[in-house]
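J.: This is the content of work35.cif (mmCIF, C-alpha atoms):
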```
data_my_file
loop_
_atom_site.label_atom_id
_atom_site.label_comp_id
_atom_site.auth_asym_id
_atom_site.auth_seq_id
_atom_site.Cartn_x
_atom_site.Cartn_y
_atom_site.Cartn_z
CA MET A 1 0.00 0.00 0.00
CA THR A 2 1.30 3.46 -0.85
CA SER A 3 0.13 7.04 -0.50
CA THR A 4 0.93 10.26 -2.37
CA ALA A 5 4.40 11.60 -1.59
CA PRO A 6 4.70 15.11 -0.07
CA THR A 7 6.81 17.81 -1.70
CA GLN A 8 10.50 17.89 -0.82
CA HIS A 9 10.03 21.18 1.04
CA ASP A 10 7.16 19.80 3.12
CA LEU A 11 8.97 16.53 3.78
CA TRP A 12 12.23 18.04 5.00
CA ASN A 13 10.54 20.79 6.97
CA GLY A 14 8.14 18.27 8.45
CA PRO A 15 8.42 14.58 9.34
CA ALA A 16 11.71 13.76 7.60
CA GLY A 17 13.52 16.82 8.90
CA ASP A 18 12.24 16.25 12.43
CA ALA A 19 13.26 12.60 12.28
CA TRP A 20 16.78 13.42 11.11
CA VAL A 21 17.12 15.90 13.96
CA GLN A 22 16.03 13.27 16.49
CA ALA A 23 18.37 10.71 14.95
CA GLN A 24 21.29 13.10 14.46
CA SER A 25 23.84 11.25 16.60
CA LEU A 26 22.76 7.85 15.22
CA LEU A 27 23.10 9.06 11.63
CA ASP A 28 26.42 10.79 12.28
CA GLY A 29 27.78 7.49 13.53
CA MET A 30 26.22 5.48 10.71
CA PHE A 31 27.64 7.67 7.94
CA ALA A 32 30.94 8.64 9.62
CA GLY A 33 32.94 6.77 6.99
CA PHE A 34 31.89 9.24 4.30
CA VAL A 35 33.09 12.34 6.13
CA PRO A 36 36.86 11.99 5.51
CA LEU A 37 36.24 11.21 1.84
CA LEU A 38 34.77 14.68 1.41
CA ALA A 39 36.68 16.61 4.08
CA ASP A 40 40.25 15.28 3.97
CA PRO A 41 41.07 16.64 0.47
CA ILE A 42 40.26 20.13 1.75
CA GLY A 43 43.43 19.98 3.87
CA ALA A 44 45.48 20.36 0.69
CA VAL A 45 43.73 23.67 -0.13
CA PRO A 46 43.24 25.23 3.32
CA ASP A 47 42.23 28.65 1.95
CA ALA A 48 39.40 27.24 -0.16
CA HIS A 49 35.82 28.46 -0.04
CA VAL A 50 33.68 25.31 0.21
CA LEU A 51 29.92 24.76 0.01
CA ASP A 52 28.19 21.63 1.34
CA VAL A 53 24.91 21.05 -0.51
CA GLY A 54 22.21 19.30 1.51
CA CYS A 55 24.35 19.80 4.60
CA GLY A 56 21.72 18.51 7.04
CA THR A 57 22.78 18.82 10.67
CA GLY A 58 26.30 19.88 9.71
CA ALA A 59 28.65 16.91 10.23
CA VAL A 60 30.50 17.31 6.92
CA CYS A 61 30.68 21.11 7.24
CA MET A 62 32.17 20.84 10.70
CA ALA A 63 34.81 18.38 9.51
CA ILE A 64 35.71 20.65 6.61
CA ALA A 65 35.93 23.68 8.90
CA ASP A 66 38.44 21.77 11.04
CA ARG A 67 40.69 21.36 7.99
CA LEU A 68 40.52 24.91 6.66
CA GLY A 69 43.13 27.57 7.26
CA PRO A 70 42.47 31.11 8.54
CA HIS A 71 41.51 32.33 5.08
CA GLY A 72 39.30 29.35 4.23
CA ARG A 73 35.54 29.42 4.51
CA CYS A 74 32.90 26.72 4.78
CA SER A 75 29.18 27.17 4.23
CA GLY A 76 26.23 24.81 4.12
CA VAL A 77 22.85 24.98 2.43
CA ASP A 78 19.82 22.81 3.08
CA ILE A 79 16.09 23.07 2.44
CA SER A 80 15.37 21.84 5.98
CA ALA A 81 15.01 24.59 8.59
CA PRO A 82 14.95 22.12 11.52
CA MET A 83 18.25 20.56 10.45
CA ILE A 84 19.91 23.91 9.78
CA GLU A 85 18.92 25.07 13.27
CA VAL A 86 20.73 22.07 14.75
CA ALA A 87 23.74 22.61 12.48
CA ARG A 88 24.06 26.23 13.60
CA GLU A 89 23.91 25.29 17.27
CA ARG A 90 26.49 22.51 16.83
CA ALA A 91 28.89 24.87 15.07
CA ARG A 92 28.42 27.55 17.74
CA SER A 93 29.09 24.99 20.48
CA ALA A 94 32.27 23.89 18.69
CA GLY A 95 33.46 27.47 18.23
CA GLN A 96 33.35 27.16 14.45
CA SER A 97 32.45 29.91 12.02
CA ILE A 98 30.22 28.26 9.41
CA ASP A 99 27.58 30.03 7.34
CA PHE A 100 24.43 27.89 7.22
CA THR A 101 21.57 28.89 4.92
CA VAL A 102 18.04 27.55 4.68
CA ALA A 103 17.41 27.49 0.94
CA ASP A 104 16.78 25.31 -2.08
CA ALA A 105 20.15 25.06 -3.82
CA GLU A 106 18.31 24.65 -7.11
CA GLN A 107 17.08 28.24 -6.96
CA HIS A 108 19.21 30.06 -4.38
CA ALA A 109 21.07 33.16 -5.61
CA PHE A 110 24.63 32.16 -4.75
CA VAL A 111 27.30 34.78 -5.32
CA PRO A 112 28.69 34.03 -8.79
CA ALA A 113 32.24 32.66 -8.99
CA SER A 114 32.61 32.76 -5.21
CA LEU A 115 33.41 29.10 -4.42
CA ASP A 116 36.36 26.79 -4.98
CA ARG A 117 34.67 23.51 -4.14
CA ILE A 118 31.19 22.06 -3.76
CA VAL A 119 30.67 18.85 -1.83
CA SER A 120 27.59 16.84 -0.93
CA ARG A 121 26.87 13.70 1.05
CA PHE A 122 23.49 12.37 -0.03
CA GLY A 123 22.13 15.83 -0.77
CA VAL A 124 21.94 16.09 -4.56
CA MET A 125 19.34 13.39 -5.29
CA PHE A 126 16.43 15.51 -4.10
CA PHE A 127 16.39 18.28 -6.72
CA ASN A 128 13.10 18.67 -8.58
CA HIS A 129 14.98 19.93 -11.65
CA PRO A 130 18.53 18.55 -11.40
CA VAL A 131 19.91 20.14 -14.59
CA GLN A 132 18.76 23.56 -13.40
CA ALA A 133 20.19 22.86 -9.94
CA PHE A 134 23.62 21.80 -11.14
CA ALA A 135 23.78 24.73 -13.56
CA ASN A 136 23.01 27.06 -10.66
CA LEU A 137 25.73 25.48 -8.55
CA ARG A 138 28.23 25.62 -11.41
CA ARG A 139 27.75 29.37 -11.71
CA ALA A 140 28.72 29.73 -8.04
CA LEU A 141 32.15 28.19 -8.68
CA ARG A 142 35.26 29.99 -9.78
CA SER A 143 36.93 28.85 -12.99
CA GLY A 144 38.45 25.44 -12.35
CA GLY A 145 36.28 24.86 -9.30
CA SER A 146 35.28 21.29 -8.52
CA LEU A 147 32.33 19.20 -7.43
CA HIS A 148 32.49 16.05 -5.31
CA ALA A 149 29.12 14.51 -4.48
CA ILE A 150 28.19 11.12 -3.05
CA ALA A 151 24.85 9.57 -3.99
CA TRP A 152 23.24 6.16 -3.57
CA ARG A 153 23.36 3.52 -6.26
CA GLY A 154 20.19 1.50 -6.83
CA PRO A 155 17.96 -0.30 -4.34
CA ALA A 156 19.13 -3.70 -5.58
CA ASP A 157 22.66 -2.76 -4.47
CA ASN A 158 21.42 -1.51 -1.09
CA PRO A 159 19.29 -4.24 0.51
CA PHE A 160 19.74 -2.73 3.97
CA MET A 161 18.04 0.47 2.81
CA THR A 162 14.99 -1.35 1.45
CA THR A 163 14.53 -4.06 4.09
CA ALA A 164 12.16 -2.07 6.31
CA GLU A 165 9.73 -1.02 3.61
CA ARG A 166 9.80 -4.43 1.94
CA VAL A 167 8.70 -6.11 5.17
CA ALA A 168 6.30 -3.35 6.24
CA ALA A 169 4.54 -2.92 2.88
CA PRO A 170 1.77 -5.45 3.67
CA LEU A 171 1.31 -3.99 7.16
CA LEU A 172 1.33 -0.20 6.68
CA THR A 173 0.36 2.46 4.16
CA LEU A 174 3.79 3.63 3.05
CA PRO A 175 4.58 6.97 1.40
CA ALA A 176 5.28 6.47 -2.28
CA ARG A 177 8.78 6.68 -3.71
CA ALA A 178 8.62 9.06 -6.65
CA GLU A 179 9.42 6.93 -9.71
CA GLY A 180 12.22 8.71 -11.53
CA GLY A 181 11.77 11.80 -9.39
CA PRO A 182 13.66 13.22 -6.42
CA GLY A 183 14.53 10.76 -3.70
CA GLN A 184 17.16 8.48 -2.24
CA PHE A 185 17.73 6.45 -5.41
CA ALA A 186 17.17 9.19 -8.00
CA PHE A 187 20.83 8.98 -9.07
CA ALA A 188 21.02 5.20 -9.30
CA ASP A 189 21.68 5.34 -13.07
CA ALA A 190 25.20 6.65 -13.62
CA ASP A 191 24.55 7.44 -17.28
CA LYS A 192 21.57 9.58 -16.26
CA VAL A 193 23.73 11.47 -13.75
CA ARG A 194 26.44 11.98 -16.35
CA GLY A 195 23.87 13.40 -18.74
CA ILE A 196 22.50 15.76 -16.08
CA LEU A 197 25.95 17.15 -15.34
CA LYS A 198 26.86 17.47 -19.01
CA ASP A 199 23.61 19.32 -19.76
CA ALA A 200 24.31 21.63 -16.80
CA GLY A 201 27.69 22.60 -18.26
CA TRP A 202 30.09 20.50 -16.16
CA LYS A 203 33.25 18.93 -17.58
CA ASP A 204 35.69 16.13 -16.72
CA ILE A 205 32.83 14.12 -15.23
CA GLN A 206 33.92 11.05 -13.30
CA ILE A 207 31.41 8.67 -11.73
CA THR A 208 32.86 5.68 -9.91
CA GLN A 209 31.51 3.03 -7.58
CA LEU A 210 32.02 3.72 -3.90
CA ASP A 211 31.32 1.12 -1.21
CA VAL A 212 31.54 2.10 2.44
CA GLU A 213 30.91 -0.17 5.43
CA CYS A 214 28.45 1.44 7.83
CA SER A 215 27.17 0.35 11.22
CA ILE A 216 24.94 1.27 14.12
CA PRO A 217 24.63 -0.36 17.56
CA ALA A 218 22.09 -3.16 17.38
CA ASP A 219 20.13 -1.71 20.29
CA GLN A 220 19.52 1.44 18.19
CA LEU A 221 17.87 -0.48 15.35
CA PRO A 222 14.32 0.04 16.71
CA THR A 223 15.02 3.80 16.84
CA TYR A 224 16.33 3.75 13.27
CA VAL A 225 13.27 1.87 11.99
CA SER A 226 10.74 3.93 13.91
CA LEU A 227 12.17 7.31 12.85
CA LEU A 228 13.66 7.07 9.38
CA GLY A 229 12.63 6.31 5.84
CA PRO A 230 9.17 5.45 4.53
CA VAL A 231 8.47 3.07 7.43
CA GLY A 232 9.38 5.62 10.09
CA GLN A 233 7.14 8.15 8.39
CA ALA A 234 4.28 5.66 8.17
CA LEU A 235 4.61 4.58 11.80
CA ARG A 236 4.37 8.20 12.94
CA ALA A 237 1.37 8.92 10.73
CA ALA A 238 -0.64 5.74 11.25
CA ASP A 239 -3.45 5.57 13.81
CA LEU A 240 -2.29 2.34 15.45
CA ALA A 241 -3.07 0.76 18.76
CA PRO A 242 0.11 0.55 20.87
CA ALA A 243 0.12 -3.24 20.67
CA ASP A 244 -0.18 -3.17 16.86
CA ARG A 245 2.58 -0.60 16.56
CA THR A 246 4.87 -2.70 18.76
CA ARG A 247 4.11 -5.82 16.74
CA ILE A 248 4.80 -4.15 13.38
CA LEU A 249 7.99 -2.53 14.65
CA GLN A 250 9.27 -5.83 16.01
CA THR A 251 8.45 -7.61 12.74
CA VAL A 252 10.47 -5.06 10.80
CA VAL A 253 13.38 -5.05 13.26
CA ASP A 254 13.55 -8.86 13.11
CA ALA A 255 13.95 -8.68 9.32
CA PHE A 256 17.37 -7.02 9.79
CA ALA A 257 18.79 -10.18 11.39
CA PRO A 258 21.09 -10.89 8.39
CA PHE A 259 22.88 -7.60 9.08
CA VAL A 260 23.47 -8.14 12.80
CA GLN A 261 27.06 -8.90 13.78
CA GLY A 262 27.38 -9.21 17.53
CA ASP A 263 26.38 -5.90 19.09
CA ASN A 264 26.27 -4.02 15.80
CA VAL A 265 24.22 -3.83 12.65
CA VAL A 266 26.65 -3.71 9.73
CA PHE A 267 25.89 -3.05 6.07
CA ASN A 268 27.48 -1.90 2.85
CA ALA A 269 26.46 1.51 1.52
CA ALA A 270 26.65 1.14 -2.27
CA CYS A 271 27.13 4.62 -3.72
CA TRP A 272 28.48 6.67 -6.56
CA SER A 273 31.38 9.06 -6.13
CA ILE A 274 30.56 11.90 -8.53
CA ARG A 275 33.27 14.36 -9.54
CA ALA A 276 33.28 17.16 -12.09
CA VAL A 277 34.86 20.55 -12.76
#
```
Output the file's structure as structure tokens, nothing else.

T.:
Amino acid sequence: MTSTAPTQHDLWNGPAGDAWVQAQSLLDGMFAGFVPLLADPIGAVPDAHVLDVGCGTGAVCMAIADRLGPHGRCSGVDISAPMIEVARERARSAGQSIDFTVADAEQHAFVPASLDRIVSRFGVMFFNHPVQAFANLRRALRSGGSLHAIAWRGPADNPFMTTAERVAAPLLTLPARAEGGPGQFAFADADKVRGILKDAGWKDIQITQLDVECSIPADQLPTYVSLLGPVGQALRAADLAPADRTRILQTVVDAFAPFVQGDNVVFNAACWSIRAV
């Protein structure tokens, strides 16, 4: 069973954004392996001006800020006001100067030719008009500026990411995944991504497979299932008796048994590393 998907703005300023805020520490731990891939190269250009697109609660921005020199600058943009609020507070608490903006990077008026690098961890798959979005971002880069984005490959390559909805589909009304539209697996087809970037004016496009081992503590799996993805959204929205909610949640959690290794849940994140200039 599926229902009509909300707009990206409504989703990330509503249930999805709130869920990511609640799960911030869990998600930071889960996706920690991606942070050095995007942040470490910045150490070679410490005076760079860097933008993180879809920056969420700020983990990648904060890592980049740690690697910048006194003349470097890091900024983050995200459509989600709840997540940007958390990112700002985290940066303030860490004593970091990071400029966070609530905006749609597809349409935001970035200062032309003001950036050296654009990075993104799972933030570029949600554009409604990706060619327009990447053209807008390209205009914000100086000549020779570079893009490094990480996006998911397809659902068949990421069984962990589809386990919950596969098991819950007969039990709950799940929000629909937009077929071919914005969403987690919108960039699954590398040729499609290459075409988007080419049409947006990018050059030297390189799209390579990237596999990163991720994990969360096994005792946090119920939190992960109940908060995140289509199942988390459905569990929050459904009018369920407590006993029914507990039963459905346990059924879904049990389905992750193949990924449990001791005290941890371990899975491979099958992604694309997307680079262009």

J.: For His49 of chain A, find every residue with an atom within 6 Å (counting all atoms listed in the file), except residues of its own chain fewer than 3 positions away, and show them as a list in words.

T.: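 Near neighbours after the sequence-gap exclusion: Gly72, Arg73, Cys74, Leu115 and Asp116 of chain A.
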
J.: Do a neighbour search on Glu85 of chain A at 10 Å with only C-alpha atoms, toss out local chain neighbours closer than 3 positions, and write the hits as a VMD selection string.

T.: chain A and resid 21 56 to 58 80 to 82 88 to 90 100 to 102

J.: If we count all atoms listed in the file, what is near Ser226 of chain A at a cut-off of 9 Å, once residues fewer than 4 positions away on the same chain are taken out, given as a list in words?

T.: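 Listing them by chain and then by number gives Leu221, Pro222, Val231, Gly232, Gln233, Ala234, Leu235, Arg236 and Leu249 of chain A.
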
J.: Could you give me, as a PyMOL selection string, the residues within 9 Å of segment 267-276 of chain A, counting only C-alpha atoms and dropping anything in the same chain fewer than 2 positions from it?

T.: chain A and resi 31+145-154+157-161+187-188+190+193-194+197+202-215+259-260+265

J.: For the residues in that selection, give me C-alpha atoms as a PDB file, in the frame of the given file.

T.:
```pdb
ATOM      1  CA  PHE A  31      27.640   7.670   7.940  1.00  0.00           C
ATOM      2  CA  GLY A 145      36.280  24.860  -9.300  1.00  0.00           C
ATOM      3  CA  SER A 146      35.280  21.290  -8.520  1.00  0.00           C
ATOM      4  CA  LEU A 147      32.330  19.200  -7.430  1.00  0.00           C
ATOM      5  CA  HIS A 148      32.490  16.050  -5.310  1.00  0.00           C
ATOM      6  CA  ALA A 149      29.120  14.510  -4.480  1.00  0.00           C
ATOM      7  CA  ILE A 150      28.190  11.120  -3.050  1.00  0.00           C
ATOM      8  CA  ALA A 151      24.850   9.570  -3.990  1.00  0.00           C
ATOM      9  CA  TRP A 152      23.240   6.160  -3.570  1.00  0.00           C
ATOM     10  CA  ARG A 153      23.360   3.520  -6.260  1.00  0.00           C
ATOM     11  CA  GLY A 154      20.190   1.500  -6.830  1.00  0.00           C
ATOM     12  CA  ASP A 157      22.660  -2.760  -4.470  1.00  0.00           C
ATOM     13  CA  ASN A 158      21.420  -1.510  -1.090  1.00  0.00           C
ATOM     14  CA  PRO A 159      19.290  -4.240   0.510  1.00  0.00           C
ATOM     15  CA  PHE A 160      19.740  -2.730   3.970  1.00  0.00           C
ATOM     16  CA  MET A 161      18.040   0.470   2.810  1.00  0.00           C
ATOM     17  CA  PHE A 187      20.830   8.980  -9.070  1.00  0.00           C
ATOM     18  CA  ALA A 188      21.020   5.200  -9.300  1.00  0.00           C
ATOM     19  CA  ALA A 190      25.200   6.650 -13.620  1.00  0.00           C
ATOM     20  CA  VAL A 193      23.730  11.470 -13.750  1.00  0.00           C
ATOM     21  CA  ARG A 194      26.440  11.980 -16.350  1.00  0.00           C
ATOM     22  CA  LEU A 197      25.950  17.150 -15.340  1.00  0.00           C
ATOM     23  CA  TRP A 202      30.090  20.500 -16.160  1.00  0.00           C
ATOM     24  CA  LYS A 203      33.250  18.930 -17.580  1.00  0.00           C
ATOM     25  CA  ASP A 204      35.690  16.130 -16.720  1.00  0.00           C
ATOM     26  CA  ILE A 205      32.830  14.120 -15.230  1.00  0.00           C
ATOM     27  CA  GLN A 206      33.920  11.050 -13.300  1.00  0.00           C
ATOM     28  CA  ILE A 207      31.410   8.670 -11.730  1.00  0.00           C
ATOM     29  CA  THR A 208      32.860   5.680  -9.910  1.00  0.00           C
ATOM     30  CA  GLN A 209      31.510   3.030  -7.580  1.00  0.00           C
ATOM     31  CA  LEU A 210      32.020   3.720  -3.900  1.00  0.00           C
ATOM     32  CA  ASP A 211      31.320   1.120  -1.210  1.00  0.00           C
ATOM     33  CA  VAL A 212      31.540   2.100   2.440  1.00  0.00           C
ATOM     34  CA  GLU A 213      30.910  -0.170   5.430  1.00  0.00           C
ATOM     35  CA  CYS A 214      28.450   1.440   7.830  1.00  0.00           C
ATOM     36  CA  SER A 215      27.170   0.350  11.220  1.00  0.00           C
ATOM     37  CA  PHE A 259      22.880  -7.600   9.080  1.00  0.00           C
ATOM     38  CA  VAL A 260      23.470  -8.140  12.800  1.00  0.00           C
ATOM     39  CA  VAL A 265      24.220  -3.830  12.650  1.00  0.00           C
TER      40      VAL A 265
END
```

J.: At a cut-off of 12 Å, using only C-alpha atoms, what residues contact Ile84 of chain A? Leave out same-chain residues fewer than 6 positions from it and give the result as number ranges by chain.

T.: A: 12-13, 17-18, 20-21, 24, 53-59, 61, 75-78, 90-91, 98-103
